[in-house]
$ cat protein.txt   # compact mmCIF, C-alpha atoms and all ligand atoms
# COMPACT_ATOMS: atom_id res chain seq x y z
CA MET A 27 26.65 42.24 -10.36
CA LEU A 28 25.70 38.76 -9.28
CA LYS A 29 22.85 37.23 -11.23
CA ARG A 30 20.58 35.24 -8.93
CA TYR A 31 19.19 31.76 -9.54
CA LEU A 32 16.65 30.21 -7.22
CA LEU A 33 17.03 26.43 -6.99
CA ALA A 34 15.47 25.96 -3.57
CA PRO A 35 12.53 23.66 -2.79
CA GLY A 36 10.39 26.72 -2.11
CA PRO A 37 10.07 29.53 -2.74
CA THR A 38 10.64 28.70 -6.38
CA PRO A 39 11.01 30.99 -9.42
CA VAL A 40 7.84 32.67 -10.71
CA PRO A 41 7.37 32.73 -14.52
CA PRO A 42 7.27 36.21 -16.10
CA GLU A 43 3.67 35.85 -17.30
CA VAL A 44 2.59 35.01 -13.76
CA LEU A 45 4.49 37.99 -12.36
CA LEU A 46 2.89 40.29 -14.93
CA SER A 47 -0.59 39.01 -14.19
CA MET A 48 -0.07 40.08 -10.60
CA ALA A 49 0.95 43.62 -11.56
CA MET A 50 -2.60 44.75 -12.35
CA PRO A 51 -4.46 47.30 -10.20
CA MET A 52 -6.26 45.93 -7.16
CA ILE A 53 -9.85 44.81 -7.45
CA HIS A 54 -12.33 44.23 -4.64
CA HIS A 55 -12.78 40.70 -3.38
CA ARG A 56 -16.57 41.01 -2.94
CA ALA A 57 -17.17 42.83 -6.24
CA PRO A 58 -18.56 40.97 -9.25
CA ASP A 59 -15.32 41.17 -11.21
CA PHE A 60 -13.60 38.90 -8.69
CA LEU A 61 -16.18 36.09 -8.78
CA PRO A 62 -15.12 34.58 -12.13
CA ILE A 63 -11.51 34.73 -10.95
CA ILE A 64 -12.17 32.49 -7.95
CA ASP A 65 -14.47 30.32 -10.02
CA SER A 66 -11.66 29.68 -12.47
CA ALA A 67 -9.11 29.09 -9.67
CA LYS A 68 -11.47 26.58 -8.08
CA LYS A 69 -11.76 24.58 -11.28
CA GLY A 70 -8.06 24.86 -12.02
CA LEU A 71 -7.20 23.48 -8.60
CA GLN A 72 -9.57 20.55 -9.05
CA TRP A 73 -7.76 19.78 -12.28
CA LEU A 74 -4.37 19.98 -10.59
CA PHE A 75 -5.41 17.97 -7.52
CA GLN A 76 -7.13 15.40 -9.78
CA THR A 77 -10.31 15.64 -7.74
CA LYS A 78 -13.99 16.51 -7.83
CA ASN A 79 -13.77 17.59 -4.18
CA ASP A 80 -13.77 21.21 -3.13
CA VAL A 81 -10.26 22.57 -2.93
CA LEU A 82 -10.24 25.35 -0.34
CA ILE A 83 -8.08 28.41 -0.93
CA LEU A 84 -6.54 29.75 2.28
CA THR A 85 -4.51 32.89 2.81
CA SER A 86 -1.55 31.40 4.66
CA THR A 87 1.59 29.44 4.07
CA GLY A 88 1.36 25.69 3.59
CA THR A 89 1.57 25.07 7.31
CA GLY A 90 -1.73 26.91 7.78
CA GLY A 91 -3.31 24.29 5.52
CA MET A 92 -1.75 21.57 7.67
CA VAL A 93 -3.08 23.16 10.88
CA GLY A 94 -6.58 23.45 9.42
CA SER A 95 -6.43 19.82 8.35
CA VAL A 96 -5.99 18.88 11.99
CA ASN A 97 -8.28 21.26 13.84
CA ASN A 98 -11.28 20.89 11.52
CA PHE A 99 -11.49 17.09 11.51
CA PHE A 100 -10.24 15.75 14.84
CA ASN A 101 -10.81 16.09 18.56
CA ALA A 102 -8.50 16.28 21.55
CA GLY A 103 -7.81 12.72 22.65
CA ASP A 104 -8.19 11.24 19.16
CA LYS A 105 -5.56 8.69 18.32
CA VAL A 106 -3.74 9.39 15.06
CA LEU A 107 -0.81 7.89 13.20
CA VAL A 108 1.94 10.13 11.86
CA LEU A 109 4.28 8.62 9.28
CA ASN A 110 7.48 10.39 10.12
CA GLY A 111 10.47 10.28 7.78
CA GLY A 112 11.95 13.72 8.36
CA LYS A 113 11.54 17.33 9.40
CA PHE A 114 8.08 17.78 7.92
CA GLY A 115 6.86 14.49 9.35
CA GLU A 116 7.82 15.91 12.74
CA ARG A 117 5.70 18.93 11.96
CA TRP A 118 2.55 16.80 11.66
CA THR A 119 3.30 15.35 15.08
CA LYS A 120 3.80 18.77 16.63
CA ILE A 121 0.62 20.20 15.12
CA CYS A 122 -1.46 17.20 16.21
CA GLN A 123 -0.03 17.31 19.73
CA SER A 124 -0.69 21.03 20.01
CA TYR A 125 -4.42 20.22 19.73
CA GLY A 126 -4.26 17.38 22.24
CA LEU A 127 -4.38 14.52 19.73
CA LYS A 128 -2.64 11.32 20.81
CA VAL A 129 0.06 10.69 18.26
CA GLU A 130 1.61 7.37 17.47
CA GLU A 131 4.42 7.45 14.95
CA VAL A 132 5.66 5.10 12.26
CA MET A 133 9.25 6.24 11.90
CA VAL A 134 11.75 5.55 9.16
CA ASP A 135 15.35 6.67 9.06
CA TRP A 136 15.90 9.89 7.18
CA GLY A 137 16.44 9.11 3.51
CA PHE A 138 14.10 6.12 3.60
CA CYS A 139 10.52 5.65 2.61
CA ILE A 140 7.45 4.63 4.64
CA LYS A 141 6.23 1.12 3.77
CA PRO A 142 2.49 0.54 3.33
CA GLU A 143 2.74 -2.73 5.27
CA HIS A 144 4.02 -0.88 8.35
CA VAL A 145 1.01 1.41 8.14
CA GLU A 146 -1.28 -1.57 7.79
CA SER A 147 0.10 -3.36 10.85
CA ALA A 148 -0.11 -0.18 12.94
CA LEU A 149 -3.74 0.33 11.91
CA LYS A 150 -4.63 -3.30 12.53
CA LYS A 151 -3.10 -3.15 15.98
CA ASP A 152 -5.20 -0.14 16.90
CA PRO A 153 -8.50 0.18 15.03
CA ASP A 154 -9.22 3.34 17.05
CA ILE A 155 -6.82 5.39 14.95
CA LYS A 156 -8.80 8.26 13.45
CA GLY A 157 -6.31 9.60 10.97
CA VAL A 158 -3.06 8.87 9.14
CA PHE A 159 -0.77 11.80 8.32
CA VAL A 160 2.12 11.77 5.87
CA GLN A 161 4.17 13.92 3.49
CA ALA A 162 3.99 13.03 -0.17
CA THR A 163 7.49 14.41 -0.61
CA GLU A 164 9.50 14.75 2.57
CA THR A 165 11.39 17.85 1.49
CA SER A 166 14.07 17.52 4.16
CA THR A 167 15.28 14.15 2.83
CA GLY A 168 14.19 14.33 -0.81
CA VAL A 169 12.11 11.16 -0.49
CA TYR A 170 8.74 10.63 -2.17
CA HIS A 171 6.58 8.34 -0.05
CA ASP A 172 4.40 5.67 -1.64
CA ILE A 173 1.15 7.60 -1.43
CA LYS A 174 -0.71 5.23 -3.71
CA GLY A 175 0.31 2.21 -1.64
CA ILE A 176 -0.47 3.87 1.69
CA ALA A 177 -3.81 5.18 0.40
CA GLY A 178 -4.71 1.63 -0.57
CA VAL A 179 -4.13 0.54 3.02
CA VAL A 180 -5.90 3.41 4.77
CA LYS A 181 -8.93 3.06 2.50
CA LYS A 182 -9.69 -0.28 4.15
CA PHE A 183 -10.26 1.42 7.50
CA GLU A 184 -13.64 3.08 7.48
CA ASN A 185 -13.04 5.40 10.44
CA THR A 186 -9.62 6.59 9.40
CA LEU A 187 -8.92 9.70 7.37
CA PHE A 188 -5.87 9.84 5.12
CA VAL A 189 -4.21 13.27 5.24
CA VAL A 190 -1.38 14.05 2.83
CA ASP A 191 0.94 17.05 2.93
CA ALA A 192 1.63 17.36 -0.79
CA ILE A 193 2.99 20.89 -0.46
CA SER A 194 6.30 20.14 -2.15
CA ALA A 195 5.08 17.20 -4.25
CA LEU A 196 2.19 18.80 -6.06
CA VAL A 197 2.96 19.48 -9.74
CA ALA A 198 6.11 17.29 -9.59
CA GLU A 199 4.36 14.01 -8.76
CA ASP A 200 1.25 12.36 -10.15
CA ILE A 201 -0.97 12.30 -7.06
CA ARG A 202 -4.43 10.97 -7.84
CA THR A 203 -6.60 12.32 -5.07
CA ASP A 204 -9.90 10.73 -6.09
CA GLU A 205 -8.65 7.60 -7.82
CA TRP A 206 -6.55 6.64 -4.79
CA GLY A 207 -9.12 7.91 -2.29
CA ILE A 208 -7.08 10.49 -0.39
CA ASP A 209 -9.28 12.38 2.07
CA ILE A 210 -7.23 15.52 2.56
CA VAL A 211 -4.49 16.86 0.31
CA VAL A 212 -2.63 20.02 1.30
CA GLY A 213 -0.78 22.20 -1.21
CA GLY A 214 1.06 25.51 -1.06
CA SER A 215 1.68 28.32 -3.51
CA GLN A 216 5.46 28.77 -3.37
CA LYS A 217 6.53 25.30 -4.49
CA GLY A 218 5.44 23.52 -7.67
CA LEU A 219 2.76 26.10 -8.35
CA MET A 220 5.38 28.73 -9.20
CA LEU A 221 3.78 31.48 -7.12
CA PRO A 222 5.03 33.66 -4.29
CA PRO A 223 4.36 32.36 -0.76
CA GLY A 224 0.96 33.16 0.76
CA LEU A 225 -1.63 30.61 -0.34
CA ALA A 226 -2.47 27.15 0.94
CA PHE A 227 -4.87 24.76 -0.77
CA VAL A 228 -6.75 21.92 0.86
CA SER A 229 -8.79 19.29 -0.94
CA VAL A 230 -11.41 17.67 1.31
CA SER A 231 -13.32 14.43 0.61
CA ASP A 232 -16.95 13.66 1.56
CA LYS A 233 -15.71 11.27 4.21
CA ALA A 234 -13.67 14.09 5.76
CA TRP A 235 -16.60 16.54 5.59
CA LYS A 236 -18.66 14.02 7.55
CA ARG A 237 -15.96 13.91 10.18
CA ASN A 238 -15.90 17.71 10.23
CA GLU A 239 -19.38 17.65 11.79
CA THR A 240 -18.06 15.86 14.87
CA SER A 241 -14.91 17.96 15.36
CA LYS A 242 -15.08 20.29 18.34
CA ILE A 243 -11.64 21.86 18.38
CA PRO A 244 -12.18 25.62 18.55
CA HIS A 245 -10.91 27.57 15.58
CA PHE A 246 -11.71 30.94 14.14
CA TYR A 247 -9.43 31.66 11.20
CA PHE A 248 -9.15 28.28 9.48
CA ASN A 249 -12.83 27.38 9.58
CA PHE A 250 -13.12 24.93 6.70
CA LYS A 251 -16.90 24.66 6.83
CA LYS A 252 -17.22 28.41 6.41
CA GLU A 253 -14.57 28.39 3.70
CA ARG A 254 -16.53 25.73 1.85
CA GLU A 255 -19.77 27.70 2.08
CA ASN A 256 -18.00 30.78 0.79
CA LEU A 257 -16.26 28.91 -1.99
CA ALA A 258 -19.66 27.78 -3.27
CA LYS A 259 -20.38 31.50 -3.79
CA ASN A 260 -16.94 32.10 -5.33
CA GLN A 261 -15.75 33.82 -2.20
CA THR A 262 -13.44 33.23 0.72
CA ASN A 263 -14.39 33.67 4.37
CA PHE A 264 -12.17 36.72 4.85
CA THR A 265 -10.49 39.05 2.37
CA SER A 266 -9.18 36.96 -0.51
CA ALA A 267 -5.52 37.13 -1.47
CA VAL A 268 -6.72 38.75 -4.68
CA THR A 269 -3.32 39.21 -6.29
CA LEU A 270 -2.10 35.69 -5.56
CA ILE A 271 -5.33 34.14 -6.82
CA ILE A 272 -5.01 36.06 -10.08
CA GLY A 273 -1.45 34.72 -10.31
CA LEU A 274 -2.72 31.24 -9.50
CA ASN A 275 -5.00 31.31 -12.52
CA GLU A 276 -2.13 32.31 -14.74
CA ALA A 277 0.15 29.62 -13.27
CA ILE A 278 -2.53 26.99 -13.83
CA ARG A 279 -2.99 28.23 -17.38
CA VAL A 280 0.74 27.74 -17.99
CA LEU A 281 0.56 24.20 -16.57
CA GLN A 282 -2.56 23.37 -18.56
CA GLN A 283 -0.90 24.47 -21.74
CA GLU A 284 1.87 21.94 -21.09
CA GLY A 285 -0.56 19.25 -19.95
CA LEU A 286 -0.44 17.40 -16.64
CA GLU A 287 1.28 14.30 -18.05
CA ASN A 288 4.02 16.41 -19.60
CA VAL A 289 4.45 18.42 -16.43
CA PHE A 290 5.12 15.20 -14.51
CA LYS A 291 7.43 13.90 -17.24
CA ARG A 292 9.44 17.12 -17.21
CA HIS A 293 9.97 16.90 -13.46
CA ALA A 294 10.96 13.23 -13.67
CA ARG A 295 13.43 14.03 -16.45
CA LEU A 296 15.05 16.91 -14.58
CA ALA A 297 15.25 14.93 -11.34
CA ASN A 298 16.82 11.96 -13.09
CA ALA A 299 19.41 14.12 -14.86
CA THR A 300 20.28 15.84 -11.58
CA ARG A 301 20.80 12.54 -9.78
CA GLU A 302 22.84 11.00 -12.57
CA ALA A 303 25.03 14.10 -12.89
CA VAL A 304 25.67 14.07 -9.15
CA LYS A 305 26.57 10.37 -9.25
CA ALA A 306 28.91 10.98 -12.20
CA LEU A 307 30.75 13.38 -9.90
CA GLY A 308 31.13 10.59 -7.37
CA LEU A 309 28.68 12.05 -4.86
CA GLY A 310 25.88 10.11 -3.17
CA ILE A 311 22.15 10.71 -3.15
CA TYR A 312 20.81 11.09 0.39
CA SER A 313 17.45 9.53 -0.51
CA LYS A 314 18.22 5.82 -0.38
CA GLU A 315 14.75 4.93 -1.63
CA SER A 316 12.24 6.62 -3.90
CA PRO A 317 14.04 9.92 -4.61
CA SER A 318 11.58 12.69 -5.33
CA ASN A 319 11.03 14.56 -8.55
CA SER A 320 10.87 17.89 -6.70
CA VAL A 321 14.21 18.13 -4.99
CA THR A 322 17.47 16.19 -4.91
CA ALA A 323 19.22 15.80 -1.56
CA ILE A 324 22.92 15.35 -2.24
CA GLU A 325 25.49 14.02 0.19
CA ALA A 326 28.49 16.24 0.73
CA PRO A 327 31.72 14.35 -0.02
CA ALA A 328 33.74 13.14 2.99
CA GLY A 329 35.53 16.03 4.65
CA VAL A 330 33.36 18.69 2.98
CA ASP A 331 30.69 20.59 4.91
CA GLY A 332 27.35 20.61 3.11
CA GLN A 333 26.54 24.04 4.54
CA GLN A 334 29.75 25.32 3.02
CA ILE A 335 28.65 24.08 -0.42
CA TYR A 336 25.31 25.83 0.05
CA LYS A 337 27.05 29.02 1.18
CA ILE A 338 29.59 29.24 -1.66
CA LEU A 339 26.97 28.35 -4.27
CA ARG A 340 24.93 31.25 -3.01
CA GLU A 341 27.53 33.86 -2.22
CA LYS A 342 29.97 33.34 -5.06
CA TYR A 343 27.75 32.05 -7.83
CA GLY A 344 24.34 33.50 -6.99
CA ILE A 345 22.67 30.10 -6.78
CA THR A 346 20.33 29.62 -3.86
CA GLY A 347 19.75 25.94 -3.18
CA ALA A 348 19.16 24.64 0.32
CA GLY A 349 21.30 23.11 3.03
CA GLY A 350 20.37 20.21 5.25
CA GLN A 351 18.00 20.50 8.21
CA ASP A 352 18.56 19.21 11.71
CA ARG A 353 20.48 15.93 11.75
CA ALA A 354 21.21 16.26 8.02
CA LYS A 355 22.75 19.70 8.49
CA GLY A 356 26.31 19.78 7.16
CA LYS A 357 25.91 16.31 5.67
CA ILE A 358 23.84 17.27 2.66
CA PHE A 359 22.75 20.12 0.44
CA ARG A 360 19.73 20.23 -1.83
CA LEU A 361 18.99 21.35 -5.37
CA ALA A 362 15.38 21.67 -6.44
CA HIS A 363 13.94 21.20 -9.91
CA LEU A 364 10.43 22.22 -9.03
CA GLY A 365 7.83 24.29 -10.82
CA TYR A 366 9.28 26.77 -13.29
CA ALA A 367 12.31 24.58 -13.95
CA ASP A 368 13.85 23.25 -17.13
CA THR A 369 17.01 21.85 -18.71
CA PHE A 370 19.29 24.80 -18.06
CA ASP A 371 18.32 25.15 -14.43
CA VAL A 372 19.75 21.69 -13.90
CA ILE A 373 22.83 22.31 -16.03
CA THR A 374 23.49 25.65 -14.32
CA GLY A 375 23.16 24.08 -10.89
CA ILE A 376 25.46 21.18 -11.70
CA ALA A 377 28.04 23.43 -13.39
CA ALA A 378 28.22 25.67 -10.34
CA LEU A 379 28.36 22.69 -8.01
CA GLU A 380 31.43 21.40 -9.85
CA MET A 381 33.15 24.75 -9.44
CA VAL A 382 32.35 24.88 -5.73
CA LEU A 383 33.50 21.31 -5.11
CA LYS A 384 36.76 22.00 -6.91
CA GLU A 385 37.32 25.09 -4.81
CA LEU A 386 36.75 22.98 -1.70
CA GLY A 387 39.49 20.59 -2.76
CA TYR A 388 37.32 17.74 -4.03
CA ASN A 389 39.01 15.87 -6.82
CA LEU A 390 36.96 16.09 -10.02
CA LYS A 391 37.27 16.87 -13.68
CA LEU A 392 35.23 19.97 -14.49
CA GLY A 393 32.40 19.20 -16.86
CA THR A 394 31.88 15.59 -15.78
CA GLY A 395 28.48 16.17 -14.20
CA VAL A 396 27.44 18.72 -16.79
CA ALA A 397 28.23 16.28 -19.61
CA LYS A 398 26.07 13.63 -17.95
CA ALA A 399 23.19 16.06 -17.56
CA GLN A 400 23.54 17.23 -21.15
CA GLU A 401 23.49 13.68 -22.40
CA LEU A 402 20.30 12.94 -20.50
CA LEU A 403 18.55 16.19 -21.28
CA MET A 404 19.21 16.37 -25.01
CA VAL A 405 16.02 16.33 -27.01
C1 LIG B 501 7.46 23.85 2.33
C2 LIG B 501 6.78 22.72 2.99
C3 LIG B 501 5.76 22.93 3.94
C4 LIG B 501 5.15 24.24 4.31
O1 LIG B 501 5.94 25.25 4.61
P1 LIG B 501 5.38 26.73 4.76
O2 LIG B 501 6.62 27.45 5.11
O3 LIG B 501 4.38 26.75 5.82
O4 LIG B 501 4.79 27.12 3.43
C5 LIG B 501 5.15 21.83 4.48
N1 LIG B 501 5.49 20.58 4.13
C6 LIG B 501 6.43 20.36 3.21
C7 LIG B 501 6.72 18.94 2.84
C8 LIG B 501 7.11 21.41 2.62
O5 LIG B 501 8.06 21.16 1.70
$ encode --input "protein.txt" --output "structure tokens"
Amino acid sequence: MLKRYLLAPGPTPVPPEVLLSMAMPMIHHRAPDFLPIIDSAKKGLQWLFQTKNDVLILTSTGTGGMVGSVNNFFNAGDKVLVLNGGKFGERWTKICQSYGLKVEEVMVDWGFCIKPEHVESALKKDPDIKGVFVQATETSTGVYHDIKGIAGVVKKFENTLFVVDAISALVAEDIRTDEWGIDIVVGGSQKGLMLPPGLAFVSVSDKAWKRNETSKIPHFYFNFKKERENLAKNQTNFTSAVTLIIGLNEAIRVLQQEGLENVFKRHARLANATREAVKALGLGIYSKESPSNSVTAIEAPAGVDGQQIYKILREKYGITGAGGQDRAKGKIFRLAHLGYADTFDVITGIAALEMVLKELGYNLKLGTGVAKAQELLMV
């Protein structure tokens, strides 16, 4: 037997009470018993997104929410700015281009963080830019971008929407949708929300709804206006993902019981312990600035293949983390501490990492990283 541990930045482990809530017999999505379920999910999401805006519930992966955030608010030929610091930044560019938008990019090296002043100078240079797209956490590099700082810049430009992919950041980072004035925030079920894959969430501001009226890109499935009208009646445009929405309510209940502040503190604590344990082992953190609270990207030691670390962790010790993507492939591996994660997820991950590194010939004293994590996680 090999006991499995899921320490990937999505999908993440699902708490038992959430799993159980999803084991109930099916109910009909247009029948009265489903209405209070969506009503509660709607309010729970507003709490989590820290917003009074409607938060749409879409049956899709997170990328569906990203696609809808482009084709409901923009037009072919619109100039937009993508802040690109990794694999998911590239995805914004590809989605925008697929609808004929003209993309300009602010690029940073992988592992680095987008600076608000670079966004400001790009916007000043071209006041025609209709939207700014960014990841809150760039999952491929483990960097959390300065969403507050960038929001402060974009807010000054009346005709520019600020669109944030917070799919892997939500729950782990304190993102203040309304207070900071973020127009569109995209979330997904299988990351911090501790649910199986299959739901995307999109919070939409009044400014963005106004823009929606002028968008002419054809779309049938992700029709946000129709989704909004349905949501007002506690419905979704098409068949609701009944089971996942029931699970969503339970997951939100679990988070509410802990309290949002404490949820953020827990993630910060776990992320810090992971980084310090890794450093105690003599390894480097790939995120040179603003490392995220969702996932830690760890540099493989010289002469060791990061994919090999990922592979042995998984095959020998049952721990599924993540490797590196694209240009980071082989150079890094990633351990998440996202959603249903606590002290012993970190300690387990670090303990196994030490065993794998030793097997690969890296010189270390077993227990060094674990001791560091224990020290930092003692309560
Ligand atoms: C996981 C993730 C996505 C969405 O991926 P899906 O596979 O479509 O759910 C998008 N952006 C970021 C930053 C992510 O981490």
$ closest_residue --input "protein.txt" --among "A:Asp152, A:Asp172, A:Asp65, A:Asp191" --to "ligand LIG 501 (chain B)" --atoms "all atoms listed in the file"
A:Asp191
$ closest_atom_pairs --input "protein.txt" --of "chain A" --to "ligand LIG 501 (chain B)" --cutoff "7 Å" --atoms "all atoms listed in the file" --output "JSON lines"
{"residue": "A:Pro35", "atom": "CA", "partner": "B:LIG501", "partner_atom": "O5", "distance": 6.8}
{"residue": "A:Gly36", "atom": "CA", "partner": "B:LIG501", "partner_atom": "C1", "distance": 6.0}
{"residue": "A:Thr87", "atom": "CA", "partner": "B:LIG501", "partner_atom": "O4", "distance": 4.0}
{"residue": "A:Gly88", "atom": "CA", "partner": "B:LIG501", "partner_atom": "O4", "distance": 3.7}
{"residue": "A:Thr89", "atom": "CA", "partner": "B:LIG501", "partner_atom": "O3", "distance": 3.6}
{"residue": "A:Gly90", "atom": "CA", "partner": "B:LIG501", "partner_atom": "O3", "distance": 6.4}
{"residue": "A:Phe114", "atom": "CA", "partner": "B:LIG501", "partner_atom": "N1", "distance": 5.4}
{"residue": "A:Gln161", "atom": "CA", "partner": "B:LIG501", "partner_atom": "C7", "distance": 5.7}
{"residue": "A:Thr163", "atom": "CA", "partner": "B:LIG501", "partner_atom": "C7", "distance": 5.7}
{"residue": "A:Glu164", "atom": "CA", "partner": "B:LIG501", "partner_atom": "C7", "distance": 5.0}
{"residue": "A:Thr165", "atom": "CA", "partner": "B:LIG501", "partner_atom": "O5", "distance": 4.7}
{"residue": "A:Asp191", "atom": "CA", "partner": "B:LIG501", "partner_atom": "N1", "distance": 5.9}
{"residue": "A:Ala192", "atom": "CA", "partner": "B:LIG501", "partner_atom": "C7", "distance": 6.4}
{"residue": "A:Ile193", "atom": "CA", "partner": "B:LIG501", "partner_atom": "C6", "distance": 5.1}
{"residue": "A:Ser194", "atom": "CA", "partner": "B:LIG501", "partner_atom": "O5", "distance": 4.4}
{"residue": "A:Gly214", "atom": "CA", "partner": "B:LIG501", "partner_atom": "O4", "distance": 6.1}
{"residue": "A:Pro223", "atom": "CA", "partner": "B:LIG501", "partner_atom": "O4", "distance": 6.7}
$ residues_around --input "protein.txt" --residues "Leu270 in chain A" --least-positions-apart "6" --cutoff "8 Å" --atoms "all atoms listed in the file" --output "list in words"
Met48, Leu221, Pro222, Gly224 and Leu225 of chain A
$ residues_near_point --input "protein.txt" --point "(22.1, 12.6, -19.9)" --cutoff "12 Å" --atoms "only C-alpha atoms" --output "ChimeraX atom specification"
/A:295-306,369,372-373,394-405
$ closest_residue --input "protein.txt" --among "A:Thr85, A:Asn101, A:Thr77, A:Gln333" --to "Gly356 in chain A" --atoms "only C-alpha atoms"
A:Gln333
$ atom_distance --input "protein.txt" --atom1 "CA of Phe159 in chain A" --atom2 "CA of Leu127 in chain A"
12.3 Å
$ atom_distance --input "protein.txt" --atom1 "CA of Leu46 in chain A" --atom2 "CA of Asn275 in chain A"
12.2 Å
$ atom_distance --input "protein.txt" --atom1 "CA of Lys342 in chain A" --atom2 "CA of Ala326 in chain A"
18.1 Å
$ residues_around --input "protein.txt" --residues "range 232-244 of chain A" --least-positions-apart "2" --cutoff "10 Å" --atoms "only C-alpha atoms" --output "number ranges by chain"
A: 79-80, 95-102, 125-126, 156, 184-189, 207-210, 229-230, 246-251, 254
$ closest_residue --input "protein.txt" --among "A:Thr374, A:Asn110, A:Gln282, A:Thr262" --to "Gly347 in chain A" --atoms "all atoms listed in the file"
A:Thr374
$ closest_atom_pairs --input "protein.txt" --of "range 203-262 of chain A" --to "range 31-34 of chain A" --cutoff "12 Å" --atoms "all atoms listed in the file" --output "CSV"
residue,atom,partner,partner_atom,distance
A:Gln216,CA,A:Ala34,CA,10.4
A:Lys217,CA,A:Ala34,CA,9.0
A:Gly218,CA,A:Ala34,CA,11.1
A:Met220,CA,A:Leu32,CA,11.5
$ residues_around --input "protein.txt" --residues "Arg117 in chain A" --least-positions-apart "4" --cutoff "10 Å" --atoms "all atoms listed in the file" --output "list of chain:residue names"
A:Thr89, A:Met92, A:Val93, A:Val108, A:Asn110, A:Gly112, A:Lys113, A:Ile121, A:Cys122, A:Gln123, A:Gln161
$ closest_residue --input "protein.txt" --among "A:Asp104, A:Lys174, A:Phe183, A:Val169" --to "Ser147 in chain A" --atoms "only C-alpha atoms"
A:Phe183
$ closest_residue --input "protein.txt" --among "A:Gly213, A:Gly332, A:Pro153, A:Pro39" --to "Val382 in chain A" --atoms "only C-alpha atoms"
A:Gly332
$ residues_around --input "protein.txt" --residues "Tyr336 in chain A" --least-positions-apart "4" --cutoff "12 Å" --atoms "only C-alpha atoms" --output "NGL selection string"
:A and (33-34 or 323-326 or 330-332 or 340-350 or 355-361 or 375 or 378-379 or 382-383 or 386)
$ closest_residue --input "protein.txt" --among "A:Val211, A:Ile335, A:Val280, A:Ala67" --to "Glu380 in chain A" --atoms "all atoms listed in the file"
A:Ile335
